[in-house]
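Colleague: So that we are looking at the same thing, I have put the structure below in structure tokens.
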Amino acid sequence: MGLCCRMFPCLADPARRSSLCLKIFLVMIHLIYACVLFLFDGELIEKTKKEPWYTVLYLLLFVATLVQYFVTSLSSPGYVLDAMRAVNERDAVYRKTSTTSKQPASSKYGNFVVTVDGSQLGDSLLGSNTTYWSKLVAQLYPPGTTIRTWTCTYCNVEQPPRAKHCHDCDKCVLQFDHHCVWLGTCIGQGNHCRFWWYICEETALCLWTGILFISYLKANISRAWWRDAIMITLLVILSMSLVFLLLLLLFHSFLILTNQTTYELVKRRRIFYLRGFPDRVYPFSKGVCRNLYNFCCARSSIYSMERLPTAQELEEKTMPYTCLDVVTCRCC
């Protein structure tokens, strides 16, 4: 074990080692199902010879699911520290530009405009740069909120709304949803879309595999009891996995349509800036269509931070939709 740790430094970390073992286990499960299916089902082989497109499509979905799994697991969820550094670097560039041109500089950043007010920045990241980040984050919270309420006690960085510290990754994540042990990473703003597509592909693959298993059992039942026992056992496990994936897919689809995260939905009463909102009001929702667009298409920048709604905006969200609102697509 010590030799392996020296040859592969990633194995020295228990968390990374367990994550790697889970990934290997998940890939092996996929390979076992595919191998058992093609070894036992002779009719599938004959069908492949007559209609190769059917098996090719299945194998393409199989490969695409595994590729999507690794793409999602290796992608960054969007860390607060990285966003803070990006803002500080961009601010330093615009301050230099404004000093040279003697004109105020501003840049579009996420859902708000970063304006340079002419004050000087320090040289260190933990100095006045952090103060600039604090001012920027403070604009996203209601007036009167103290800095202690949004400062992480672990990272000592100011968290924008919807961010949370992940104890498994030991970092603060933008729009934190949850930490997925199967992927070995957090699900946040940067990879939530990839995570949804992975669930979708995995669900389709499980459904297709289940259909193939049922077709085999219908045509070959009682020919070999040990084959039937293996196929039925694998089918039961596959059915349970499919039910779980379907529920997970529906749950995350609901979160996407309402612009929520799992953490915000489950821990709503523990999040200080969500306690005052009614249960059926989704403060960050911009309508179904815009929520879908922002989730799928409008990711031009990895770091996008949302401010809390004002009292007037909150009042509008609590008002029930009328027939005119539905006709004019206000609810969307």
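Naming works like this for the structure tokens: A, B, ... for the chains as they're shown, residue 1 at the start of each chain, ligands 1 onward in shown order.
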What's the 12 Å shell around A:Glu306, counting only C-alpha atoms, without same-chain residues fewer than 3 positions away, as an MDAnalysis selection string?

Modeller: chainID A and resid 109:113 136:141 159:163 174:175 189 259:260 283:286 294 303 309

Colleague: Output N, CA, C and O atoms for every residue in that selection, as a short mmCIF file (atom, residue, chain, number, x, y, z; two decimals), in the first residue's frame.

Modeller:
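Output (part.cif):
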data_model
loop_
_atom_site.label_atom_id
_atom_site.label_comp_id
_atom_site.auth_asym_id
_atom_site.auth_seq_id
_atom_site.Cartn_x
_atom_site.Cartn_y
_atom_site.Cartn_z
N TYR A 109 -20.76 41.62 -14.76
CA TYR A 109 -20.28 40.41 -14.08
C TYR A 109 -21.48 39.65 -13.55
O TYR A 109 -22.11 40.04 -12.58
N GLY A 110 -21.83 38.56 -14.21
CA GLY A 110 -22.95 37.76 -13.76
C GLY A 110 -24.25 38.52 -13.93
O GLY A 110 -24.58 39.01 -14.99
N ASN A 111 -25.01 38.65 -12.83
CA ASN A 111 -26.29 39.33 -12.85
C ASN A 111 -26.19 40.76 -12.34
O ASN A 111 -27.20 41.39 -12.07
N PHE A 112 -24.99 41.31 -12.17
CA PHE A 112 -24.86 42.68 -11.69
C PHE A 112 -23.67 43.33 -12.37
O PHE A 112 -22.89 42.68 -13.05
N VAL A 113 -23.53 44.65 -12.18
CA VAL A 113 -22.45 45.41 -12.78
C VAL A 113 -21.42 45.75 -11.72
O VAL A 113 -21.76 46.28 -10.66
N LEU A 136 -18.81 43.96 -2.74
CA LEU A 136 -19.54 43.39 -3.87
C LEU A 136 -20.59 42.39 -3.40
O LEU A 136 -21.72 42.37 -3.88
N VAL A 137 -20.22 41.55 -2.41
CA VAL A 137 -21.17 40.58 -1.86
C VAL A 137 -22.25 41.27 -1.07
O VAL A 137 -23.43 40.86 -1.09
N ALA A 138 -21.90 42.37 -0.39
CA ALA A 138 -22.88 43.08 0.43
C ALA A 138 -24.02 43.64 -0.42
O ALA A 138 -25.14 43.80 0.07
N GLN A 139 -23.75 43.94 -1.69
CA GLN A 139 -24.80 44.45 -2.56
C GLN A 139 -25.86 43.41 -2.88
O GLN A 139 -26.96 43.75 -3.31
N LEU A 140 -25.53 42.14 -2.65
CA LEU A 140 -26.48 41.07 -2.95
C LEU A 140 -27.41 40.76 -1.78
O LEU A 140 -28.38 40.03 -1.95
N TYR A 141 -27.11 41.31 -0.60
CA TYR A 141 -27.92 41.07 0.58
C TYR A 141 -28.76 42.30 0.91
O TYR A 141 -28.41 43.42 0.50
N GLN A 159 -19.47 34.78 1.73
CA GLN A 159 -20.26 33.95 0.84
C GLN A 159 -21.39 34.77 0.21
O GLN A 159 -22.15 35.41 0.93
N PRO A 160 -21.52 34.74 -1.10
CA PRO A 160 -22.71 35.34 -1.72
C PRO A 160 -23.93 34.49 -1.43
O PRO A 160 -23.79 33.35 -0.96
N PRO A 161 -25.12 34.99 -1.67
CA PRO A 161 -26.31 34.16 -1.45
C PRO A 161 -26.24 32.86 -2.23
O PRO A 161 -25.70 32.80 -3.33
N ARG A 162 -26.76 31.79 -1.65
CA ARG A 162 -26.86 30.46 -2.22
C ARG A 162 -25.56 29.66 -2.12
O ARG A 162 -25.50 28.52 -2.54
N ALA A 163 -24.52 30.25 -1.58
CA ALA A 163 -23.25 29.54 -1.40
C ALA A 163 -23.24 28.85 -0.04
O ALA A 163 -23.89 29.28 0.91
N LEU A 174 -20.48 27.81 -4.87
CA LEU A 174 -21.55 28.67 -5.36
C LEU A 174 -22.77 27.84 -5.71
O LEU A 174 -22.65 26.80 -6.36
N GLN A 175 -23.93 28.30 -5.28
CA GLN A 175 -25.20 27.59 -5.51
C GLN A 175 -25.06 26.12 -5.15
O GLN A 175 -25.36 25.22 -5.94
N GLN A 189 -23.11 25.38 -8.98
CA GLN A 189 -23.44 26.18 -10.16
C GLN A 189 -22.71 25.72 -11.41
O GLN A 189 -23.27 25.70 -12.51
N ASN A 259 -35.77 27.16 -9.87
CA ASN A 259 -34.49 27.79 -9.55
C ASN A 259 -34.16 27.63 -8.06
O ASN A 259 -33.93 28.60 -7.35
N GLN A 260 -34.15 26.39 -7.61
CA GLN A 260 -33.78 26.07 -6.24
C GLN A 260 -32.63 25.07 -6.25
O GLN A 260 -32.24 24.55 -7.29
N PRO A 283 -37.68 32.56 -4.02
CA PRO A 283 -37.15 33.93 -4.17
C PRO A 283 -36.24 34.12 -5.38
O PRO A 283 -36.14 35.22 -5.90
N PHE A 284 -35.59 33.07 -5.84
CA PHE A 284 -34.65 33.22 -6.95
C PHE A 284 -35.27 32.83 -8.30
O PHE A 284 -34.58 32.90 -9.32
N SER A 285 -36.53 32.43 -8.30
CA SER A 285 -37.18 32.03 -9.54
C SER A 285 -37.49 33.24 -10.41
O SER A 285 -37.96 34.27 -9.92
N LYS A 286 -37.22 33.10 -11.70
CA LYS A 286 -37.49 34.17 -12.66
C LYS A 286 -38.53 33.72 -13.69
O LYS A 286 -38.64 34.31 -14.77
N ASN A 294 -31.57 29.98 -18.22
CA ASN A 294 -30.38 30.26 -17.41
C ASN A 294 -29.65 28.97 -17.03
O ASN A 294 -28.42 28.95 -16.94
N TYR A 303 -19.05 31.99 -13.03
CA TYR A 303 -19.41 32.60 -11.75
C TYR A 303 -20.54 33.60 -11.97
O TYR A 303 -20.33 34.66 -12.54
N PRO A 309 -34.23 39.09 -3.54
CA PRO A 309 -35.25 40.02 -4.05
C PRO A 309 -35.59 41.10 -3.03
O PRO A 309 -35.50 40.89 -1.82
#

Colleague: Using only C-alpha atoms, which protein or nucleic acid residues come within 10 Å of stretch 266-282 of chain A? Drop anything in the same chain fewer than 5 positions from it, and give the result as a ChimeraX atom specification.

Modeller: /A:141-142,145,149-150,161-162,164,258-261,287,308,314-315,317-319

Colleague: Export, as a PDB file, in the first residue's frame, the selected residues with C-alpha atoms.

Modeller:
ATOM      1  CA  TYR A 141     -27.923  41.074   0.585  1.00  0.00           C
ATOM      2  CA  PRO A 142     -30.638  43.316   2.078  1.00  0.00           C
ATOM      3  CA  THR A 145     -27.259  42.540   7.179  1.00  0.00           C
ATOM      4  CA  THR A 149     -23.899  36.389   8.877  1.00  0.00           C
ATOM      5  CA  TRP A 150     -22.434  35.680   5.435  1.00  0.00           C
ATOM      6  CA  PRO A 161     -26.308  34.162  -1.455  1.00  0.00           C
ATOM      7  CA  ARG A 162     -26.860  30.458  -2.219  1.00  0.00           C
ATOM      8  CA  LYS A 164     -22.339  27.015   1.303  1.00  0.00           C
ATOM      9  CA  THR A 258     -38.186  26.764  -9.674  1.00  0.00           C
ATOM     10  CA  ASN A 259     -34.489  27.785  -9.550  1.00  0.00           C
ATOM     11  CA  GLN A 260     -33.777  26.071  -6.243  1.00  0.00           C
ATOM     12  CA  THR A 261     -31.122  23.763  -4.871  1.00  0.00           C
ATOM     13  CA  GLY A 287     -40.225  32.125 -14.300  1.00  0.00           C
ATOM     14  CA  LEU A 308     -31.950  38.530  -2.853  1.00  0.00           C
ATOM     15  CA  LEU A 314     -41.154  39.560  -3.003  1.00  0.00           C
ATOM     16  CA  GLU A 315     -44.663  41.002  -2.841  1.00  0.00           C
ATOM     17  CA  LYS A 317     -43.949  36.809  -6.185  1.00  0.00           C
ATOM     18  CA  THR A 318     -46.513  36.159  -3.441  1.00  0.00           C
ATOM     19  CA  MET A 319     -49.404  37.442  -5.578  1.00  0.00           C
TER      20      MET A 319
END

Colleague: From a backbone DSSP assignment, name each residue in stretch 42-233 of chain A labelled helix (DSSP H, G or I), as JSON, numbers by chain.

Modeller: {"A": [42, 43, 44, 45, 46, 47, 48, 49, 50, 52, 53, 54, 55, 56, 57, 58, 59, 60, 61, 62, 63, 64, 65, 66, 67, 68, 69, 70, 71, 72, 73, 74, 80, 81, 82, 83, 84, 85, 86, 87, 88, 89, 90, 91, 92, 93, 94, 95, 96, 97, 98, 99, 100, 101, 128, 129, 130, 131, 132, 133, 134, 135, 136, 137, 138, 147, 148, 149, 150, 192, 193, 194, 195, 196, 197, 198, 199, 200, 201, 202, 203, 204, 205, 206, 207, 208, 209, 210, 211, 212, 213, 214, 215, 216, 217, 218, 219, 220, 225, 226, 227, 228, 229, 230, 231, 232, 233]}

Colleague: With distances taken over only C-alpha atoms, which residue among A:Lys218, A:Val288, A:Glu202, A:Ile232 lies nearest A:Phe244?

Modeller: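 Answer, going by the shortest atom-to-atom distance: A:Glu202.
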
Colleague: Using only C-alpha atoms, which residue out of A:Val87, A:Met305, A:Thr233, A:Ser241 lies closest to A:Ala204?

Modeller: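 Ranked by minimum distance to A:Ala204, first place goes to A:Ser241.
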
Colleague: Stretch 141-249 of chain A near stretch 37-52 of chain A within 8 Å: what's each residue's closest atom pair and its distance in Å to one decimal, counting only C-alpha atoms, ordered by chain then ascending residue number, as a tab-separated table?

Modeller:
residue	atom	partner	partner_atom	distance
A:Leu212	CA	A:Leu37	CA	7.8
A:Phe213	CA	A:Leu37	CA	7.2
A:Tyr216	CA	A:Asp41	CA	6.3
A:Arg227	CA	A:Phe40	CA	7.6

Colleague: For a test of reading the model, state the distance in Å between atom CA of A:Leu61 and atom CA of A:Val27, rounded to one decimal.

Modeller: 14.2 Å
